[in-house]
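K.L.:
Below you will find the structure I want to go over with you.
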Amino acid sequence: MGRTVAGQWAAPHRVAPHRVVSNSQRGFAAVGILALLLAGGLVAGAFAGLAWHAGELRLAEVLARPYTRSVVLFTLWQAGLSTLLSVGLAIPFARALHRRQEFPGRRLLVRLTSVSLVVPTMVAILGMVAVHGRNGWVNDVLALAGAGRRDYLYGLSGILLTHVFFNLPLATRMVLNGLADIPAQQWRLAALYGFEQGAIFRLVEWPAIRGILPGAAGIVFMLCFTSFAIVLSLGGGPGASTLEVAVYQALRFDFDLPRAVTLSLLQVLICGALALLFFARGSGTSLQAGDAGGGGAARERPDRDAAAARRMDALVLSGAAIFLLTPFAAVLAGTLDGAGWTIVSDGRFWQAVGWTLPIALAAGVIATVAGFSVAWLRAGMAQSLRWQRYTVVADIVGTLTLILPPITLGTGLFLLARQFTDALSLGPVMVVAVNALLTLAFTLRVLAPPVAAQRARFDPLCRGLGIRGLARWRLVYWPVLKRPLCYALAIATTLAAGDMGVIALFGTDQLSTLPLLIYRLLGAYHLDQAAVAAVCLCALCLALFWLLEQPARLGRGGAFDA
Amino acid sequence: MLECSSLVFRFPGAERDIRADFRVDAGESVALMGASGSGKTTILNLVAGFLAPSSGDILLDGRSLLGLKPAERPLTYLFQAHNLFPHLSVWENIALGISPRLRIAPAEAARITAALERVGLTGMEERLPGSLSGGQQQRVGLGRCLVRERPVLLLDEPFSALDEELRQEMIALILALQAEHSLHLVLATHQRDDAAALSARIVAVG
Amino acid sequence: MRNAKLIPALLLFLSQPLSAQETTNTESTEPAEPPVLTVYTYDSFASEWGPGPGIETAFEAECECDLRFVTVDSSTGILSRIQLEGDRSPADVVLGLDNSLVVEAQNTGLIASHEIDAGNLDLPQPWDNPNFLPFDFGFFAFIYDTERMEDPPASFEELLAMDDDVRIVIQDPRSSTPGLGLLLWVKALYGDQARQTWEQLAPHILTVTKGWSEAYGMFLEGEADMVLSYTTSPAYHQIVEEETRYRAAGFKEGHGMQIEVAGLLKSAPNRELGRRFLAFMLSPAFQALIPTGNWMYPVVFPEEGLPEAFADLVRPVRSLAIDPQGITEHKLDWIDEFNEALSQ
């Protein structure tokens, strides 16, 4: 799989500025426009709903509070540190994965880099507590060694640890993609001219990943800046509060709408500005289907047999494997004594499963259809001289949905809906809508590059051959796009299945999903049961991911991959 | 004399062996010819040391090269494409042939200047490869082979991306360099014309 | 289509909760169905080990109605929930707010007056609030494990002066009533010096949890040495677990008091039923479930007296409370003060 490097999501080639539009094209474009309008409308509606109910927006008063300032500073500080650590550690990790193409567990680690994004936050938190808590594995080992137990999980260190746990694989994946794109000839040149480790990094690897780092850092930064459940669970109190948590507190406990709106706007402004800064400097962030291996070219690396490199890689890989896999192992181990399995006979468990599946599937399908349509529309706009400049609208929606606090969106929409209908019965609809909106950011990132590339590649050919309508879709675009489409659907669905941000607001004892159940069990300190629910959620997510990616594996799609 | 003696290689999972058995003297040229996929490039990669043969030997003047890493082998190699690091200047790309750390002594700098002149790129030292034509890029690669000062030059389809005029220029340049340094020249090509132009002995592959 | 098989499966998933809803709908339209009383409360009150189930059985036996508890994850959550829902709330009664939230809740204008005489309650102080009725009360305290802590602090001053490695877990005043209770307790004791007090306490605070059960669970798991809870918490261990190792640390300056209350919503779909529930709340049937269900003091002491274990509990020398009006006016500032002191 190639990576698209040109503008944020742009196609590598631009074709003729004029367009002849067929019906199916118009159809997709129309859905794209509709999706954009809907997304924009939902966001605007949410803020309108909030602002209306808030009455007065005490902007100045909220901003003047010293606590607001300290929350903003802490949010920036932890996001910056998390990004630095995640991306900084991703470089040696990705190098080691690239250099070592064969070792037991490599497939597992590489797979982890592509699914870490959809690991449910609550599962990760549970795993971190089981490994790094005062009674966790690390402290057990310390105690055995006579070093005494240490509290390091609550507060900044716990937040950083968990953020790195989440984002190291993601950043690694992006860096690994960059390394995989290095042509075999560069490795041969390195071999031919006797590059040492340093020269290999400086001359071959660094130039390949330099362009990726700002984008990778940007997305990691946004994810950490808007971090919610992790900070809420492991922050250890008001000293470690992010804007997103402050918004949650303002809405959920104080019902202080002006404060919530102001803090949300603050988050959008700061995070949006920084995101622009990151993305402007890099070649963009695309998430993509398929496994980055770079197997062939990586085998040409001349430094594979160097003893120093071997030692380094063994250290990095075992360290990363231990850090990334023990939380999962600990969650699994927590279920082994059988005590927690009582939850499976609890009605709440099946109620949660019964809600998680349809909510996730509905949000996933909507986000994928909307993401595809917007990507299609965007690709068409990029090809047209007249419309080119408006592609930025799609980009803004893609970024905005990533940095808007879901709780603000949800509350705003709820307050708006309350005017017209029995909003409570709309709870599930709200959860689906907000989740679809939030995962749109991801489906867009998955779909925009391949859709743009394939349209640029095949549109002229199709026009020339007169392939139009459904035939164009069935013969040309479905075969080449089904893989990213299925990947987008799988990502969006599993993300929604693991969502904690939206359900945290709308959850009731009638409307509960597995992540919320885990959160509640964790809150009641039923760790055994929480572990079982977490394992079930993980199994559900894996099954969904696997199932939804199936169509991509069938048939002859692979041969067409760009 | 460079000698590939009963060289055999098989890709994992492939159905047939790639075999090579040829000699080339100093100042002489050999063209490995065959259809695409026949294994011409693979043989060059075996000689360069990017791949290890399953059996057979590669010798220069009777000494086996098999134990040597690519960088230690007495040869240079011009690929069909991707010969240059796109982020390094022309001068730096050539300087890599002398020092991978780009630590260049004044005497060596003179060699680079000479090579640049020899391949006709004087004045383009600071340019990046992206701003050069395909022919110029190939000549930068050749310039680097030149400063390397090795007796064997491997060429993989060196003219495939060039138009007729540039191809003629390149052929003339290679012939001249071969004469000056009495290089052992091994060329992989599917064009009989290329072999003829370099007066290369043809060895069929596949 | 290769994925034709998938579609029925998807439909099946999608239809599940919908059909579940349909069944409840059809049930509720049947004429024999009794009226439903919806009570919003915090989760531990309605949980199987809380007083909720017993209350439900007892009230349903006399009202010929269906009492439904809807749980919210915290007391303050109840308040924001009814604010969010406004006059469209399906709730009849909110149960589980406390004296620190009363004025704020009254100010929403969503609560009706209860019109029930609350003159003869066994409360340490008289109650005259027109909107809310108390159903239990208790005193905040730090609980410790006698097997791990031999020398607990005997005053707030001693708590502040503890060794650095003694760790406590407290709750967030924004989301938890004990958390807010501690905030007010500190304010009552230290007034303008509250910020310095928090700064002194900060190094001992392992974490600030969102709710009580989270904090108490962490303490029981051994993650912390002391936890903010109630003087009545040890009675639970003694009666249910026959475990006497957990004790409350009695502070000589006095303890913050909490009075838990319930109120009727103006928008209550079943207002009369709701009012009956409030009256039932002060009856012996309800009150008897409080000591060993919610582990608090009932507002009407039973004739046969409190359970034996309650005799061993720390009885505060002084109960501290702050004027509710003042709480509402200054709460945000005090919370910010707390936040800032702990953010240092």
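All residue names refer to the structure tokens as shown: chains lettered A, B, ... in order, residues numbered from 1 in each chain, ligands numbered from 1 in order.
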If you run DSSP on this backbone, which residues of segment 220-321 of chain A come out as helix (DSSP H, G or I), and could you give them as a PyMOL selection string?
P.N.:
chain A and resi 220-225+229-234+238-240+243-254+257-281+295-298+307-321
K.L.:
Output as a PDB file with N, CA, C and O atoms, in the first residue's frame the set of chain B residues within 7 Å of chain A, with distances taken over only C-alpha atoms.
P.N.:
```
ATOM      1  N   PHE B  50      23.783  -8.074  -2.570  1.00  0.00           N
ATOM      2  CA  PHE B  50      22.490  -7.844  -1.921  1.00  0.00           C
ATOM      3  C   PHE B  50      21.776  -9.161  -1.666  1.00  0.00           C
ATOM      4  O   PHE B  50      20.896  -9.259  -0.827  1.00  0.00           O
ATOM      5  N   PRO B  70      28.444  -5.810   0.671  1.00  0.00           N
ATOM      6  CA  PRO B  70      28.368  -5.023  -0.573  1.00  0.00           C
ATOM      7  C   PRO B  70      29.390  -3.885  -0.603  1.00  0.00           C
ATOM      8  O   PRO B  70      30.035  -3.658  -1.639  1.00  0.00           O
ATOM      9  N   ALA B  71      29.532  -3.182   0.519  1.00  0.00           N
ATOM     10  CA  ALA B  71      30.403  -2.015   0.529  1.00  0.00           C
ATOM     11  C   ALA B  71      31.868  -2.405   0.381  1.00  0.00           C
ATOM     12  O   ALA B  71      32.695  -1.598  -0.041  1.00  0.00           O
ATOM     13  N   HIS B  82      15.982   5.412  -8.842  1.00  0.00           N
ATOM     14  CA  HIS B  82      16.238   5.629  -7.409  1.00  0.00           C
ATOM     15  C   HIS B  82      17.709   5.547  -7.052  1.00  0.00           C
ATOM     16  O   HIS B  82      18.071   4.985  -6.031  1.00  0.00           O
ATOM     17  N   ASN B  83      18.565   6.109  -7.893  1.00  0.00           N
ATOM     18  CA  ASN B  83      19.987   6.089  -7.572  1.00  0.00           C
ATOM     19  C   ASN B  83      20.367   7.183  -6.584  1.00  0.00           C
ATOM     20  O   ASN B  83      21.441   7.134  -6.006  1.00  0.00           O
ATOM     21  N   HIS B  87      16.781  14.105  -0.965  1.00  0.00           N
ATOM     22  CA  HIS B  87      16.936  15.236  -0.056  1.00  0.00           C
ATOM     23  C   HIS B  87      18.380  15.728   0.002  1.00  0.00           C
ATOM     24  O   HIS B  87      18.683  16.641   0.739  1.00  0.00           O
ATOM     25  N   GLY B  97      29.831   8.565  -2.309  1.00  0.00           N
ATOM     26  CA  GLY B  97      30.693   7.521  -2.858  1.00  0.00           C
ATOM     27  C   GLY B  97      32.045   7.478  -2.172  1.00  0.00           C
ATOM     28  O   GLY B  97      32.732   6.452  -2.175  1.00  0.00           O
ATOM     29  N   PRO B 100      30.350   7.912   3.544  1.00  0.00           N
ATOM     30  CA  PRO B 100      28.925   7.902   3.888  1.00  0.00           C
ATOM     31  C   PRO B 100      28.576   8.923   4.966  1.00  0.00           C
ATOM     32  O   PRO B 100      27.423   9.220   5.195  1.00  0.00           O
ATOM     33  N   ARG B 101      29.587   9.421   5.675  1.00  0.00           N
ATOM     34  CA  ARG B 101      29.295  10.460   6.665  1.00  0.00           C
ATOM     35  C   ARG B 101      29.454  11.855   6.081  1.00  0.00           C
ATOM     36  O   ARG B 101      29.365  12.848   6.803  1.00  0.00           O
TER      37      ARG B 101
END
```
K.L.:
Give the strand (DSSP E or B) residues of segment 4-182 of chain B, as DSSP finds them on the backbone, and put them as a ChimeraX atom specification.
P.N.:
/B:4-9,18-24,29-33,55-60,63-64,75-78,152-156
K.L.:
Using the selection just defined, write its residues with N, CA and C atoms as a compact mmCIF listing (two decimals), in the first residue's frame.
P.N.:
```txt
# COMPACT_ATOMS: atom_id res chain seq x y z
N CYS B 4 31.67 -15.21 -12.75
CA CYS B 4 30.55 -15.83 -12.04
C CYS B 4 30.58 -17.29 -12.42
N SER B 5 30.84 -18.12 -11.43
CA SER B 5 31.09 -19.51 -11.75
C SER B 5 29.96 -20.37 -11.18
N SER B 6 29.18 -20.98 -12.10
CA SER B 6 28.04 -21.87 -11.74
C SER B 6 27.16 -21.26 -10.65
N LEU B 7 26.87 -19.98 -10.82
CA LEU B 7 26.07 -19.28 -9.81
C LEU B 7 24.61 -19.74 -9.89
N VAL B 8 24.05 -20.13 -8.75
CA VAL B 8 22.65 -20.58 -8.73
C VAL B 8 21.92 -19.84 -7.61
N PHE B 9 20.71 -19.39 -7.93
CA PHE B 9 19.91 -18.72 -6.91
C PHE B 9 18.44 -19.04 -7.15
N ILE B 18 17.66 -19.37 -10.90
CA ILE B 18 18.31 -18.39 -11.77
C ILE B 18 19.78 -18.77 -11.80
N ARG B 19 20.31 -18.93 -12.99
CA ARG B 19 21.69 -19.42 -13.10
C ARG B 19 22.54 -18.41 -13.88
N ALA B 20 23.81 -18.34 -13.53
CA ALA B 20 24.73 -17.48 -14.29
C ALA B 20 26.11 -18.11 -14.30
N ASP B 21 26.73 -17.99 -15.44
CA ASP B 21 28.07 -18.55 -15.61
C ASP B 21 28.76 -17.73 -16.69
N PHE B 22 29.53 -16.74 -16.27
CA PHE B 22 30.17 -15.90 -17.31
C PHE B 22 31.43 -15.26 -16.74
N ARG B 23 32.26 -14.76 -17.65
CA ARG B 23 33.47 -14.04 -17.24
C ARG B 23 33.54 -12.73 -17.98
N VAL B 24 34.17 -11.77 -17.36
CA VAL B 24 34.41 -10.51 -18.07
C VAL B 24 35.77 -9.98 -17.63
N SER B 29 33.07 -5.73 -21.74
CA SER B 29 31.69 -5.58 -21.32
C SER B 29 30.92 -6.86 -21.58
N VAL B 30 29.99 -7.16 -20.62
CA VAL B 30 29.08 -8.29 -20.82
C VAL B 30 27.67 -7.77 -20.66
N ALA B 31 26.77 -8.20 -21.52
CA ALA B 31 25.36 -7.80 -21.39
C ALA B 31 24.55 -9.03 -21.02
N LEU B 32 23.88 -8.95 -19.86
CA LEU B 32 22.96 -10.02 -19.48
C LEU B 32 21.65 -9.71 -20.15
N MET B 33 21.21 -10.62 -21.03
CA MET B 33 19.99 -10.31 -21.78
C MET B 33 18.90 -11.34 -21.52
N SER B 55 24.40 -21.57 -4.52
CA SER B 55 25.68 -22.24 -4.78
C SER B 55 26.43 -21.48 -5.85
N GLY B 56 27.66 -21.87 -6.08
CA GLY B 56 28.49 -21.18 -7.07
C GLY B 56 29.35 -20.13 -6.40
N ASP B 57 30.13 -19.42 -7.21
CA ASP B 57 31.07 -18.46 -6.64
C ASP B 57 31.18 -17.24 -7.53
N ILE B 58 31.57 -16.15 -6.93
CA ILE B 58 31.86 -14.92 -7.69
C ILE B 58 33.29 -14.53 -7.36
N LEU B 59 34.12 -14.41 -8.40
CA LEU B 59 35.55 -14.17 -8.16
C LEU B 59 36.01 -12.95 -8.94
N LEU B 60 36.90 -12.18 -8.32
CA LEU B 60 37.59 -11.13 -9.08
C LEU B 60 39.08 -11.43 -9.00
N ARG B 63 39.96 -14.13 -6.60
CA ARG B 63 39.62 -14.01 -5.20
C ARG B 63 38.09 -13.99 -5.06
N SER B 64 37.53 -14.82 -4.17
CA SER B 64 36.08 -14.89 -4.03
C SER B 64 35.55 -13.63 -3.34
N LEU B 75 33.27 -3.04 -6.41
CA LEU B 75 32.37 -2.73 -7.52
C LEU B 75 31.47 -1.56 -7.18
N THR B 76 30.92 -0.97 -8.19
CA THR B 76 29.84 0.01 -8.01
C THR B 76 28.70 -0.40 -8.92
N TYR B 77 27.56 0.24 -8.69
CA TYR B 77 26.32 -0.27 -9.27
C TYR B 77 25.46 0.94 -9.59
N LEU B 78 24.98 1.00 -10.84
CA LEU B 78 24.03 2.06 -11.21
C LEU B 78 22.67 1.40 -11.45
N VAL B 152 34.90 -2.74 -11.01
CA VAL B 152 33.74 -3.35 -11.66
C VAL B 152 32.57 -2.37 -11.62
N LEU B 153 31.88 -2.21 -12.75
CA LEU B 153 30.70 -1.35 -12.80
C LEU B 153 29.50 -2.18 -13.25
N LEU B 154 28.47 -2.21 -12.40
CA LEU B 154 27.25 -2.93 -12.74
C LEU B 154 26.21 -1.91 -13.18
N LEU B 155 25.56 -2.19 -14.32
CA LEU B 155 24.55 -1.25 -14.83
C LEU B 155 23.24 -2.01 -15.04
N ASP B 156 22.17 -1.52 -14.42
CA ASP B 156 20.87 -2.18 -14.57
C ASP B 156 19.98 -1.30 -15.44
```
K.L.:
Find the residues near segment 215-220 of chain C: any atom within 9 Å, counting only C-alpha atoms, skip ones fewer than 4 places away on the same chain, and give them as a PyMOL selection string.
P.N.:
(chain A and resi 523-526) or (chain C and resi 143-145+168-171+207-211+224-229)
K.L.:
Could you write out the selected residues, including C-alpha atoms, as a PDB file, in the first residue's frame?
P.N.:
```
ATOM      1  CA  GLY A 523     -16.513   2.817  39.919  1.00  0.00           C
ATOM      2  CA  ALA A 524     -18.023   0.301  42.296  1.00  0.00           C
ATOM      3  CA  TYR A 525     -14.624  -1.388  42.396  1.00  0.00           C
ATOM      4  CA  HIS A 526     -15.963  -4.670  41.057  1.00  0.00           C
TER       5      HIS A 526
ATOM      6  CA  ILE C 143     -12.172   5.559  57.841  1.00  0.00           C
ATOM      7  CA  TYR C 144      -9.014   3.617  58.580  1.00  0.00           C
ATOM      8  CA  ASP C 145      -8.004  -0.006  58.923  1.00  0.00           C
ATOM      9  CA  ILE C 168      -5.952   9.218  51.739  1.00  0.00           C
ATOM     10  CA  VAL C 169      -8.602   9.018  49.031  1.00  0.00           C
ATOM     11  CA  ILE C 170     -11.219  11.727  48.862  1.00  0.00           C
ATOM     12  CA  GLN C 171     -14.050  12.500  46.462  1.00  0.00           C
ATOM     13  CA  THR C 207      -6.423  10.506  44.214  1.00  0.00           C
ATOM     14  CA  VAL C 208      -9.679  12.403  44.082  1.00  0.00           C
ATOM     15  CA  THR C 209     -12.361  10.083  42.808  1.00  0.00           C
ATOM     16  CA  LYS C 210     -15.571  11.010  41.139  1.00  0.00           C
ATOM     17  CA  GLY C 211     -17.813   9.115  43.527  1.00  0.00           C
ATOM     18  CA  ALA C 224      -4.950   3.948  50.348  1.00  0.00           C
ATOM     19  CA  ASP C 225      -4.654   4.210  54.143  1.00  0.00           C
ATOM     20  CA  MET C 226      -7.737   6.299  54.799  1.00  0.00           C
ATOM     21  CA  VAL C 227     -10.854   7.175  52.895  1.00  0.00           C
ATOM     22  CA  LEU C 228     -13.418   9.926  53.239  1.00  0.00           C
ATOM     23  CA  SER C 229     -16.730   8.311  54.189  1.00  0.00           C
TER      24      SER C 229
END
```
K.L.:
Between atom CA of Val186 of chain C and atom CA of Leu160 of chain C, what is the spacing in Å?
P.N.:
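Those two atoms sit 11.4 Å apart.
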K.L.:
Which residues, written as a list in words, have at least one atom at most 12 Å from Ala48 of chain A, with only C-alpha atoms counted and residues fewer than 6 positions away on the same chain left out?
P.N.:
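With the cut-off at 12 Å, the set is Gly40, Gly41, Leu42, Ala54, Gly55, Leu57, Leu257, Pro258, Val261, Thr408, Leu409, Thr411, Gly412, Leu413, Phe414, Leu415, Leu416 and Ala417 of chain A.
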K.L.:
What would the file look like if the residues just selected were written as a PDB file, in the first residue's frame with N, CA and C atoms?
P.N.:
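Done, and the output landed in part.pdb:
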```
ATOM      1  N   GLY A  40     -22.193  19.923   9.678  1.00  0.00           N
ATOM      2  CA  GLY A  40     -22.109  21.323  10.073  1.00  0.00           C
ATOM      3  C   GLY A  40     -23.338  21.740  10.847  1.00  0.00           C
ATOM      4  N   GLY A  41     -24.513  21.286  10.383  1.00  0.00           N
ATOM      5  CA  GLY A  41     -25.760  21.630  11.033  1.00  0.00           C
ATOM      6  C   GLY A  41     -25.822  21.096  12.451  1.00  0.00           C
ATOM      7  N   LEU A  42     -25.369  19.855  12.623  1.00  0.00           N
ATOM      8  CA  LEU A  42     -25.388  19.259  13.956  1.00  0.00           C
ATOM      9  C   LEU A  42     -24.505  20.054  14.907  1.00  0.00           C
ATOM     10  N   ALA A  54     -28.145  28.808  27.724  1.00  0.00           N
ATOM     11  CA  ALA A  54     -27.219  29.427  28.654  1.00  0.00           C
ATOM     12  C   ALA A  54     -27.672  30.849  28.976  1.00  0.00           C
ATOM     13  N   GLY A  55     -28.429  31.426  28.059  1.00  0.00           N
ATOM     14  CA  GLY A  55     -28.835  32.804  28.293  1.00  0.00           C
ATOM     15  C   GLY A  55     -27.665  33.721  28.026  1.00  0.00           C
ATOM     16  N   LEU A  57     -23.556  34.312  27.979  1.00  0.00           N
ATOM     17  CA  LEU A  57     -22.285  33.602  27.948  1.00  0.00           C
ATOM     18  C   LEU A  57     -21.280  34.408  28.753  1.00  0.00           C
ATOM     19  N   LEU A 257     -24.079  25.828  31.938  1.00  0.00           N
ATOM     20  CA  LEU A 257     -23.994  25.861  30.477  1.00  0.00           C
ATOM     21  C   LEU A 257     -23.020  26.919  29.951  1.00  0.00           C
ATOM     22  N   PRO A 258     -23.070  28.152  30.482  1.00  0.00           N
ATOM     23  CA  PRO A 258     -22.137  29.154  29.948  1.00  0.00           C
ATOM     24  C   PRO A 258     -20.686  28.706  30.077  1.00  0.00           C
ATOM     25  N   VAL A 261     -19.966  25.985  27.466  1.00  0.00           N
ATOM     26  CA  VAL A 261     -19.812  26.519  26.113  1.00  0.00           C
ATOM     27  C   VAL A 261     -18.467  27.223  25.977  1.00  0.00           C
ATOM     28  N   THR A 408     -20.292  18.234  24.782  1.00  0.00           N
ATOM     29  CA  THR A 408     -20.890  19.504  24.394  1.00  0.00           C
ATOM     30  C   THR A 408     -21.871  19.280  23.252  1.00  0.00           C
ATOM     31  N   LEU A 409     -21.403  18.518  22.248  1.00  0.00           N
ATOM     32  CA  LEU A 409     -22.273  18.209  21.116  1.00  0.00           C
ATOM     33  C   LEU A 409     -23.553  17.550  21.599  1.00  0.00           C
ATOM     34  N   THR A 411     -24.962  17.381  24.620  1.00  0.00           N
ATOM     35  CA  THR A 411     -25.840  18.205  25.447  1.00  0.00           C
ATOM     36  C   THR A 411     -26.571  19.244  24.611  1.00  0.00           C
ATOM     37  N   GLY A 412     -25.808  19.881  23.701  1.00  0.00           N
ATOM     38  CA  GLY A 412     -26.413  20.903  22.852  1.00  0.00           C
ATOM     39  C   GLY A 412     -27.557  20.331  22.044  1.00  0.00           C
ATOM     40  N   LEU A 413     -27.298  19.170  21.433  1.00  0.00           N
ATOM     41  CA  LEU A 413     -28.338  18.561  20.611  1.00  0.00           C
ATOM     42  C   LEU A 413     -29.538  18.164  21.466  1.00  0.00           C
ATOM     43  N   PHE A 414     -29.235  17.681  22.662  1.00  0.00           N
ATOM     44  CA  PHE A 414     -30.309  17.267  23.555  1.00  0.00           C
ATOM     45  C   PHE A 414     -31.199  18.459  23.909  1.00  0.00           C
ATOM     46  N   LEU A 415     -30.543  19.566  24.263  1.00  0.00           N
ATOM     47  CA  LEU A 415     -31.309  20.749  24.652  1.00  0.00           C
ATOM     48  C   LEU A 415     -32.135  21.273  23.483  1.00  0.00           C
ATOM     49  N   LEU A 416     -31.549  21.153  22.286  1.00  0.00           N
ATOM     50  CA  LEU A 416     -32.254  21.595  21.089  1.00  0.00           C
ATOM     51  C   LEU A 416     -33.472  20.701  20.856  1.00  0.00           C
ATOM     52  N   ALA A 417     -33.241  19.394  20.956  1.00  0.00           N
ATOM     53  CA  ALA A 417     -34.321  18.439  20.686  1.00  0.00           C
ATOM     54  C   ALA A 417     -35.426  18.568  21.716  1.00  0.00           C
TER      55      ALA A 417
END
```
K.L.:
Would you pick out the contacts of Gly86 of chain C at 10 Å or less, using only C-alpha atoms, so that residues sharing its chain but fewer than 2 positions from it are not included, and give the list as JSON, numbers by chain?
P.N.:
{"A": [415, 418], "C": [80, 81, 82, 83, 84, 88, 89, 90, 108, 109, 110, 267]}
K.L.:
Only N, CA, C and O atoms, please: the residues just picked out, written as a PDB file, in the first residue's frame.
P.N.:
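Wrote again08.pdb, looks like this:
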```
ATOM      1  N   LEU A 415     -30.543  19.566  24.263  1.00  0.00           N
ATOM      2  CA  LEU A 415     -31.309  20.749  24.652  1.00  0.00           C
ATOM      3  C   LEU A 415     -32.135  21.273  23.483  1.00  0.00           C
ATOM      4  O   LEU A 415     -33.262  21.733  23.644  1.00  0.00           O
ATOM      5  N   ARG A 418     -35.043  18.945  22.935  1.00  0.00           N
ATOM      6  CA  ARG A 418     -36.006  19.059  24.024  1.00  0.00           C
ATOM      7  C   ARG A 418     -37.131  20.031  23.688  1.00  0.00           C
ATOM      8  O   ARG A 418     -38.248  19.906  24.165  1.00  0.00           O
TER       9      ARG A 418
ATOM     10  N   SER C  80     -28.228  17.736  37.982  1.00  0.00           N
ATOM     11  CA  SER C  80     -27.998  18.217  36.618  1.00  0.00           C
ATOM     12  C   SER C  80     -28.866  17.451  35.633  1.00  0.00           C
ATOM     13  O   SER C  80     -29.243  17.974  34.588  1.00  0.00           O
ATOM     14  N   ARG C  81     -29.195  16.211  35.986  1.00  0.00           N
ATOM     15  CA  ARG C  81     -30.061  15.433  35.108  1.00  0.00           C
ATOM     16  C   ARG C  81     -31.445  16.086  34.986  1.00  0.00           C
ATOM     17  O   ARG C  81     -31.967  16.242  33.884  1.00  0.00           O
ATOM     18  N   ILE C  82     -32.033  16.497  36.109  1.00  0.00           N
ATOM     19  CA  ILE C  82     -33.368  17.099  35.997  1.00  0.00           C
ATOM     20  C   ILE C  82     -33.279  18.484  35.366  1.00  0.00           C
ATOM     21  O   ILE C  82     -34.200  18.926  34.698  1.00  0.00           O
ATOM     22  N   GLN C  83     -32.123  19.137  35.532  1.00  0.00           N
ATOM     23  CA  GLN C  83     -31.966  20.431  34.848  1.00  0.00           C
ATOM     24  C   GLN C  83     -31.906  20.239  33.346  1.00  0.00           C
ATOM     25  O   GLN C  83     -32.451  21.006  32.574  1.00  0.00           O
ATOM     26  N   LEU C  84     -31.166  19.185  32.944  1.00  0.00           N
ATOM     27  CA  LEU C  84     -31.033  18.890  31.519  1.00  0.00           C
ATOM     28  C   LEU C  84     -32.387  18.558  30.914  1.00  0.00           C
ATOM     29  O   LEU C  84     -32.721  18.997  29.826  1.00  0.00           O
ATOM     30  N   ARG C  88     -39.674  18.390  31.001  1.00  0.00           N
ATOM     31  CA  ARG C  88     -40.050  17.167  30.310  1.00  0.00           C
ATOM     32  C   ARG C  88     -39.553  15.927  31.037  1.00  0.00           C
ATOM     33  O   ARG C  88     -39.613  14.823  30.519  1.00  0.00           O
ATOM     34  N   SER C  89     -39.005  16.147  32.214  1.00  0.00           N
ATOM     35  CA  SER C  89     -38.449  15.008  32.930  1.00  0.00           C
ATOM     36  C   SER C  89     -39.529  13.990  33.277  1.00  0.00           C
ATOM     37  O   SER C  89     -40.617  14.359  33.701  1.00  0.00           O
ATOM     38  N   PRO C  90     -39.220  12.712  33.095  1.00  0.00           N
ATOM     39  CA  PRO C  90     -40.195  11.682  33.460  1.00  0.00           C
ATOM     40  C   PRO C  90     -40.184  11.388  34.962  1.00  0.00           C
ATOM     41  O   PRO C  90     -40.968  10.563  35.428  1.00  0.00           O
ATOM     42  N   THR C 108     -33.583  26.073  40.892  1.00  0.00           N
ATOM     43  CA  THR C 108     -33.943  25.653  39.540  1.00  0.00           C
ATOM     44  C   THR C 108     -35.421  25.842  39.298  1.00  0.00           C
ATOM     45  O   THR C 108     -35.868  25.857  38.158  1.00  0.00           O
ATOM     46  N   GLY C 109     -36.217  25.976  40.392  1.00  0.00           N
ATOM     47  CA  GLY C 109     -37.652  26.155  40.230  1.00  0.00           C
ATOM     48  C   GLY C 109     -38.361  24.893  39.770  1.00  0.00           C
ATOM     49  O   GLY C 109     -39.522  24.945  39.358  1.00  0.00           O
ATOM     50  N   LEU C 110     -37.682  23.774  39.822  1.00  0.00           N
ATOM     51  CA  LEU C 110     -38.283  22.544  39.315  1.00  0.00           C
ATOM     52  C   LEU C 110     -38.966  21.739  40.423  1.00  0.00           C
ATOM     53  O   LEU C 110     -39.672  20.774  40.152  1.00  0.00           O
ATOM     54  N   SER C 267     -43.094  18.989  37.717  1.00  0.00           N
ATOM     55  CA  SER C 267     -43.564  18.373  36.474  1.00  0.00           C
ATOM     56  C   SER C 267     -43.909  16.898  36.659  1.00  0.00           C
ATOM     57  O   SER C 267     -44.109  16.196  35.677  1.00  0.00           O
TER      58      SER C 267
END
```
K.L.:
Do you know which residues are at most 9 Å from Arg247 of chain C counting only C-alpha atoms, after dropping those on the same chain fewer than 5 positions away, and could you put them as a list of chain:residue names?
P.N.:
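Contacts, in chain order: C:Phe142, C:Ile143, C:Tyr144, C:Asp145, C:Thr146, C:Thr231, C:Ser233, C:Pro234, C:Ala235, C:Leu313, C:Val314.
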